[in-house]
Structure formats: structure tokens, C-alpha cells
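Asker: Let me give you the structure first, and then I'll get to my questions.
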Amino acid sequence: MTALIDPRAPRFGAAITSGIAIVGFADAFTSFGPISTVASLTLLVLFVWSVFLPGSHPYKFLFGLIRPRIGEPKELEDARPPRFAQQVGLFFAITASVGLLLASQSIVAIALAFIFIAAFLNAFFNFCLGCQMYLVLKRFGLFSKGN
Amino acid sequence: MPVIALVATATFVGIAYRLLRGRGHRVLGRQQIELRRLRPTKNGNLSTELGKQATLLQFSTQYCGRCPSVRRQLAQLESQHAGISHLEVDITDRINVAARFGITQTPTIFLLNAKSELVYRVGGIPNVLKLNQELEKLGVK
């Protein structure tokens, strides 16, 4: 089963994600107050949501609102690499939350910085780091067949 | 300040990616590519037809978002020049092929000369100007 998606949808979501991550990073790096906690937990919820229940994700709903204005995409693309990229994002969101539990300012700041860089490159340069990793990791046999 | 540094770093990486992507590089060593072993296709049919001057060998996967547009782009080059053959290898279930040739992304394009030797390779969407320069070196007009 191969799902096809509008390639602009994940980039649209990544733009919002990068905004949340940079705000959280700014706070984590300076006062390490409630803003970085809220940002980390929001990202955790969003990544868990997109990995396990992508069909009902709020980004999908928001993108559905703007899609009629930007027209049809030139091409659809396979959902697997972007979905894998979301799993990579989830890994860093979990890392940020572990940092919160440990009250470790540096873990939270570094995890949010990684999320920001990956989401920012995807949104504004169409460079999906997680997608690039997909084939490389497949080569090392990290996925079972059909994944 | 750290925010500015982080945004600047990400922007720098993004710009570098945009400038460098699709440029490809020349390959030394004249490695012969055995098309028969790769089972390439042309328009969905098995074909090992070498171009008189150059062959564009495209490695694709089914989950690759940009492979179809590159396929069209290269097929167009093939139809515009008599000496070019465009072949495609689907490596979705043949990850060993990717390992053998060090392919880390799809599409990856190999430019072969008339003797089926690898002379130039590109990972990602090829830069048309660079690709045309390399084709000209092989005598494609």
C-alpha cells in the first residue's frame, strides 16, 4: 500500500514546527522558563500525533484550509520518506522532554535546535533531512520489508 | 544572539544545499557498468540499449518524490538528441545495488560513455547546465 501526498503539506507543517522550535529554543537557551516547557511538550504532542494518527493531524486540517488557494500540486509524492522524517522529529521531541524531566537546559536547547534546523530546511529550502536518511538507513537494513 | 546564530546556521546550510545540489562530479577510473546485471528499463520494458554517444542511467525508487519529473526531463533529452539513451533502474527492492554503487539518494544519475563506462554522476535533481556540459564532452550535440 503506497499512500501519495501533496509534497507541500509536510513543508507547510514544518514551517509551523520550526516556529515553535525556535521560540522554545530562545527560551531554553536564556531563562529556561515555562515557554521552553510548553514548546517542547507541544512538539511532542504534534510529533506523536503525526506518527500515530496522521489522518487527524491539525496541520492537515490547516493545510486543507489554504490548499484551495494555492491550487493543485504539480506532482504527488510518496508518503513514506516524510513519514519517516516525522519519526526522526519524534525522537528529538522525546529527547527534549527527557531534558525537561532531568531539568537539563542543554539537552532541551540542543534537541529544540535540531528540530528547528530540520524543520526550517524542509520548509524553506525543500531539503528534507529525514527523507534523505531514509534510503541510507534502508541500505543498512534498518527497516523491514514493505516499510 | 543564539537564536540569530541558529537561524543563520540553518540558512547557510540551506543555501549551500541549494547551490551544490545537482552539480554532480566527474568519475575517474573508467568503471565499466554492466547494464545486463542491472536490468534497466526504458518506458517500462527491459532494455540495455546504450546510446551512441551517451547513456543516462537513472536510479529510482517507488517512494522517491522527484524521480518522475527527472524521468520526464531525461526522456526529453533523449528524444532531442539522437546519441542519447535514457535507462532507468528501480532499486526499491534491490538495496544491494545502492550499496554497490554508493547511492545515498534517489534519483541518482550515472552518465555513461559509448563504452558503458561511468564518467559523471549526480545525486538528486540534476543541474541541467552542468549535465549538458558533460553530454557535450561526450560528443552529444
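By order of appearance in the C-alpha cells: chains A, B, ..., then residues from 1 within every chain, and ligands from 1 in the order shown.
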For chain A, work out the contacting residues on chain B at 12 Å, counting only C-alpha atoms, and write them as an mmCIF file with C-alpha atoms, in the first residue's frame.

Answerer:
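Writing the result to iface.cif gives the following:
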```cif
data_model
loop_
_atom_site.group_PDB
_atom_site.id
_atom_site.type_symbol
_atom_site.label_atom_id
_atom_site.label_comp_id
_atom_site.auth_asym_id
_atom_site.auth_seq_id
_atom_site.Cartn_x
_atom_site.Cartn_y
_atom_site.Cartn_z
ATOM 1 C CA MET B 1 22.017 36.165 19.897
ATOM 2 C CA PRO B 2 21.930 32.328 19.965
ATOM 3 C CA VAL B 3 18.659 32.500 18.025
ATOM 4 C CA ILE B 4 20.279 34.598 15.311
ATOM 5 C CA ALA B 5 23.235 32.206 15.208
ATOM 6 C CA LEU B 6 20.933 29.200 14.863
ATOM 7 C CA VAL B 7 18.813 30.767 12.114
ATOM 8 C CA ALA B 8 21.988 31.905 10.322
ATOM 9 C CA THR B 9 23.469 28.400 10.518
ATOM 10 C CA ALA B 10 20.323 26.780 9.145
ATOM 11 C CA THR B 11 20.088 29.388 6.373
ATOM 12 C CA PHE B 12 23.743 28.860 5.475
ATOM 13 C CA VAL B 13 23.227 25.082 5.247
ATOM 14 C CA GLY B 14 20.109 25.636 3.135
ATOM 15 C CA ILE B 15 21.854 27.986 0.712
ATOM 16 C CA ALA B 16 24.852 25.649 0.426
ATOM 17 C CA TYR B 17 22.467 22.771 -0.301
ATOM 18 C CA ARG B 18 20.704 24.779 -2.996
ATOM 19 C CA LEU B 19 23.980 25.828 -4.635
ATOM 20 C CA ARG B 21 22.695 20.131 -5.286
ATOM 21 C CA SER B 60 14.916 5.440 -8.851
ATOM 22 C CA THR B 61 12.740 4.097 -6.081
ATOM 23 C CA GLN B 62 8.982 3.885 -5.852
ATOM 24 C CA TYR B 63 8.931 6.171 -2.824
ATOM 25 C CA CYS B 64 11.074 8.833 -4.482
ATOM 26 C CA GLY B 65 9.066 12.019 -4.925
ATOM 27 C CA ARG B 66 11.231 13.671 -7.549
ATOM 28 C CA CYS B 67 12.027 10.661 -9.708
ATOM 29 C CA PRO B 68 9.054 11.037 -12.098
ATOM 30 C CA SER B 69 9.881 14.652 -13.001
ATOM 31 C CA VAL B 70 13.560 13.787 -13.544
ATOM 32 C CA ILE B 91 16.236 -0.110 -6.731
ATOM 33 C CA THR B 92 13.261 -0.147 -4.346
ATOM 34 C CA ASP B 93 13.738 -3.822 -3.570
ATOM 35 C CA ARG B 94 17.369 -4.046 -4.645
ATOM 36 C CA ILE B 95 19.088 -2.121 -1.941
ATOM 37 C CA ASN B 96 22.273 -4.111 -2.665
ATOM 38 C CA VAL B 97 22.582 -2.150 -5.917
ATOM 39 C CA ALA B 98 22.546 1.088 -3.918
ATOM 40 C CA ALA B 99 25.235 -0.317 -1.630
ATOM 41 C CA ARG B 100 27.411 -1.488 -4.530
ATOM 42 C CA PHE B 101 27.432 1.938 -6.178
ATOM 43 C CA GLY B 102 27.333 4.047 -3.015
ATOM 44 C CA ILE B 103 23.948 5.547 -3.887
ATOM 45 C CA THR B 104 22.587 7.525 -0.935
ATOM 46 C CA GLN B 105 19.621 9.220 -2.551
ATOM 47 C CA THR B 106 17.250 8.843 -5.448
ATOM 48 C CA PRO B 107 17.192 9.882 -8.138
ATOM 49 C CA THR B 108 20.880 9.294 -8.799
ATOM 50 C CA GLY B 123 22.763 12.638 -6.736
ATOM 51 C CA GLY B 124 19.381 14.360 -6.674
ATOM 52 C CA ILE B 125 17.809 16.533 -9.324
#
```

Asker: Could you name the residues that touch Val122 (chain B) at 9 Å or less, counting only C-alpha atoms, but leaving out those on the same chain fewer than 4 positions away, as a VMD selection string?

Answerer: chain B and resid 21 to 26 107 to 111 126 to 127 131

Asker: Take the residues from that selection and write them out as a CSV table (one decimal), in the first residue's frame, keeping N, CA and C atoms.

Answerer:
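Result went into again.csv, see below:
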```
chain,number,residue,atom,x,y,z
B,21,ARG,N,23.5,21.3,-4.9
B,21,ARG,CA,22.7,20.1,-5.3
B,21,ARG,C,22.6,20.0,-6.8
B,22,GLY,N,22.7,18.8,-7.2
B,22,GLY,CA,22.5,18.5,-8.7
B,22,GLY,C,23.7,18.9,-9.5
B,23,ARG,N,24.8,19.3,-8.9
B,23,ARG,CA,26.0,19.6,-9.6
B,23,ARG,C,26.8,18.4,-10.1
B,24,GLY,N,26.7,17.4,-9.3
B,24,GLY,CA,27.4,16.1,-9.7
B,24,GLY,C,28.9,16.2,-9.7
B,25,HIS,N,29.6,15.1,-10.0
B,25,HIS,CA,31.0,15.2,-10.1
B,25,HIS,C,31.5,14.1,-11.2
B,26,ARG,N,32.6,14.4,-11.8
B,26,ARG,CA,33.2,13.5,-12.7
B,26,ARG,C,33.8,12.3,-12.0
B,107,PRO,N,16.5,10.5,-7.1
B,107,PRO,CA,17.2,9.9,-8.1
B,107,PRO,C,18.7,10.1,-8.1
B,108,THR,N,19.5,9.1,-8.5
B,108,THR,CA,20.9,9.3,-8.8
B,108,THR,C,21.1,9.0,-10.3
B,109,ILE,N,21.8,9.8,-11.0
B,109,ILE,CA,22.0,9.6,-12.4
B,109,ILE,C,23.5,9.4,-12.7
B,110,PHE,N,23.7,8.3,-13.5
B,110,PHE,CA,25.0,7.9,-14.0
B,110,PHE,C,25.1,8.3,-15.4
B,111,LEU,N,26.1,9.0,-15.8
B,111,LEU,CA,26.3,9.3,-17.2
B,111,LEU,C,27.4,8.3,-17.7
B,126,PRO,N,19.3,16.7,-11.3
B,126,PRO,CA,20.5,17.2,-12.0
B,126,PRO,C,20.3,18.7,-12.4
B,127,ASN,N,21.5,19.4,-12.3
B,127,ASN,CA,21.6,20.7,-12.8
B,127,ASN,C,21.7,20.6,-14.3
B,131,LEU,N,24.8,19.2,-16.7
B,131,LEU,CA,24.6,17.9,-17.3
B,131,LEU,C,24.8,18.1,-18.8
```

Asker: Contacts of region 39-52 of chain B at 7 Å or less, counting only C-alpha atoms, minus same-chain residues fewer than 2 places along, as a PyMOL selection string?

Answerer: chain B and resi 35-37+54-55+83-89+114

Asker: How would the residues just picked look written out with all heavy atoms as a compact mmCIF listing (two decimals), in the first residue's frame?

Answerer:
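Result file follows (selection_1.txt):
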```txt
# COMPACT_ATOMS: atom_id res chain seq x y z
N LEU B 35 25.29 -3.19 -17.78
CA LEU B 35 23.85 -2.92 -17.81
C LEU B 35 23.03 -4.20 -17.64
O LEU B 35 21.98 -4.19 -17.01
CB LEU B 35 23.47 -2.23 -19.12
CG LEU B 35 23.93 -0.78 -19.24
CD1 LEU B 35 23.52 -0.21 -20.58
CD2 LEU B 35 23.33 0.07 -18.13
N ARG B 36 23.53 -5.30 -18.22
CA ARG B 36 22.78 -6.55 -18.18
C ARG B 36 22.45 -6.95 -16.74
O ARG B 36 21.36 -7.41 -16.44
CB ARG B 36 23.61 -7.64 -18.86
CG ARG B 36 22.82 -8.72 -19.55
CD ARG B 36 23.74 -9.58 -20.39
NE ARG B 36 24.28 -8.85 -21.52
CZ ARG B 36 23.64 -8.71 -22.68
NH1 ARG B 36 22.44 -9.22 -22.83
NH2 ARG B 36 24.18 -8.05 -23.67
N ARG B 37 23.42 -6.74 -15.85
CA ARG B 37 23.22 -7.15 -14.46
C ARG B 37 22.22 -6.24 -13.74
O ARG B 37 21.59 -6.64 -12.77
CB ARG B 37 24.55 -7.11 -13.70
CG ARG B 37 25.42 -8.30 -13.98
CD ARG B 37 26.72 -8.21 -13.21
NE ARG B 37 26.54 -8.31 -11.76
CZ ARG B 37 27.51 -8.11 -10.88
NH1 ARG B 37 28.71 -7.79 -11.30
NH2 ARG B 37 27.30 -8.23 -9.60
N ALA B 54 26.11 8.73 -25.49
CA ALA B 54 25.97 8.82 -24.04
C ALA B 54 24.72 8.08 -23.57
O ALA B 54 23.72 8.01 -24.28
CB ALA B 54 25.87 10.28 -23.61
N THR B 55 24.82 7.54 -22.35
CA THR B 55 23.65 6.89 -21.74
C THR B 55 23.41 7.51 -20.37
O THR B 55 24.33 7.66 -19.58
CB THR B 55 23.90 5.37 -21.58
OG1 THR B 55 24.14 4.82 -22.88
CG2 THR B 55 22.69 4.68 -20.96
N GLY B 83 21.98 10.72 -30.09
CA GLY B 83 23.02 9.88 -29.50
C GLY B 83 22.82 9.50 -28.04
O GLY B 83 23.68 8.87 -27.44
N ILE B 84 21.68 9.89 -27.46
CA ILE B 84 21.46 9.64 -26.03
C ILE B 84 20.44 8.53 -25.81
O ILE B 84 19.42 8.48 -26.47
CB ILE B 84 20.95 10.91 -25.32
CG1 ILE B 84 21.95 12.05 -25.46
CG2 ILE B 84 20.69 10.64 -23.83
CD1 ILE B 84 21.50 13.33 -24.75
N SER B 85 20.74 7.68 -24.84
CA SER B 85 19.76 6.69 -24.40
C SER B 85 19.48 6.93 -22.92
O SER B 85 20.40 7.16 -22.15
CB SER B 85 20.31 5.28 -24.63
OG SER B 85 19.44 4.33 -24.06
N HIS B 86 18.21 6.92 -22.54
CA HIS B 86 17.85 7.09 -21.13
C HIS B 86 17.29 5.78 -20.59
O HIS B 86 16.31 5.26 -21.11
CB HIS B 86 16.81 8.22 -20.98
CG HIS B 86 16.22 8.31 -19.60
ND1 HIS B 86 14.87 8.38 -19.37
CD2 HIS B 86 16.80 8.31 -18.37
CE1 HIS B 86 14.64 8.44 -18.06
NE2 HIS B 86 15.80 8.41 -17.44
N LEU B 87 17.94 5.23 -19.56
CA LEU B 87 17.50 3.98 -18.96
C LEU B 87 17.25 4.20 -17.47
O LEU B 87 17.85 5.08 -16.87
CB LEU B 87 18.58 2.89 -19.13
CG LEU B 87 18.97 2.54 -20.57
CD1 LEU B 87 20.18 1.62 -20.58
CD2 LEU B 87 17.80 1.87 -21.30
N GLU B 88 16.38 3.38 -16.92
CA GLU B 88 16.04 3.56 -15.51
C GLU B 88 16.17 2.24 -14.76
O GLU B 88 15.80 1.18 -15.27
CB GLU B 88 14.61 4.10 -15.39
CG GLU B 88 14.31 4.66 -14.02
CD GLU B 88 13.02 5.50 -14.00
OE1 GLU B 88 12.33 5.57 -15.02
OE2 GLU B 88 12.73 6.06 -12.93
N VAL B 89 16.70 2.30 -13.56
CA VAL B 89 16.83 1.11 -12.71
C VAL B 89 16.05 1.37 -11.43
O VAL B 89 16.31 2.33 -10.72
CB VAL B 89 18.31 0.82 -12.37
CG1 VAL B 89 18.41 -0.42 -11.48
CG2 VAL B 89 19.12 0.63 -13.63
N ALA B 114 30.13 5.93 -24.54
CA ALA B 114 29.72 4.94 -25.54
C ALA B 114 30.18 3.52 -25.17
O ALA B 114 29.60 2.54 -25.63
CB ALA B 114 30.27 5.34 -26.91
```

Asker: Skip Phe52 (chain A) itself and residues of its chain fewer than 3 positions away, then list as a VMD selection string all residues within 12 Å of it, counting only C-alpha atoms.

Answerer: chain A and resid 45 to 49 55 to 57 83 to 84 86 to 87 90

Asker: So that I can see what lies close to Leu101 (chain A), please list as a PyMOL selection string the residues with an atom at most 12 Å from it, counting only C-alpha atoms and leaving out residues fewer than 5 positions away in the same chain.

Answerer: chain A and resi 37+40-41+94-96+107-108

Asker: What parts of chain A does DSSP call strand (DSSP E)? I'd like the answer as a list of chain:residue names.

Answerer: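 Filtering chain A down to strand (DSSP E) leaves A:Leu4, A:Ile5, A:Glu77, A:Asp78.
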
Asker: Quick one, how far is CA of Ile33 (chain B) from CA of Leu138 (chain B)?

Answerer: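 Calculated distance between CA of Ile33 (chain B) and CA of Leu138 (chain B) is 16.5 Å.
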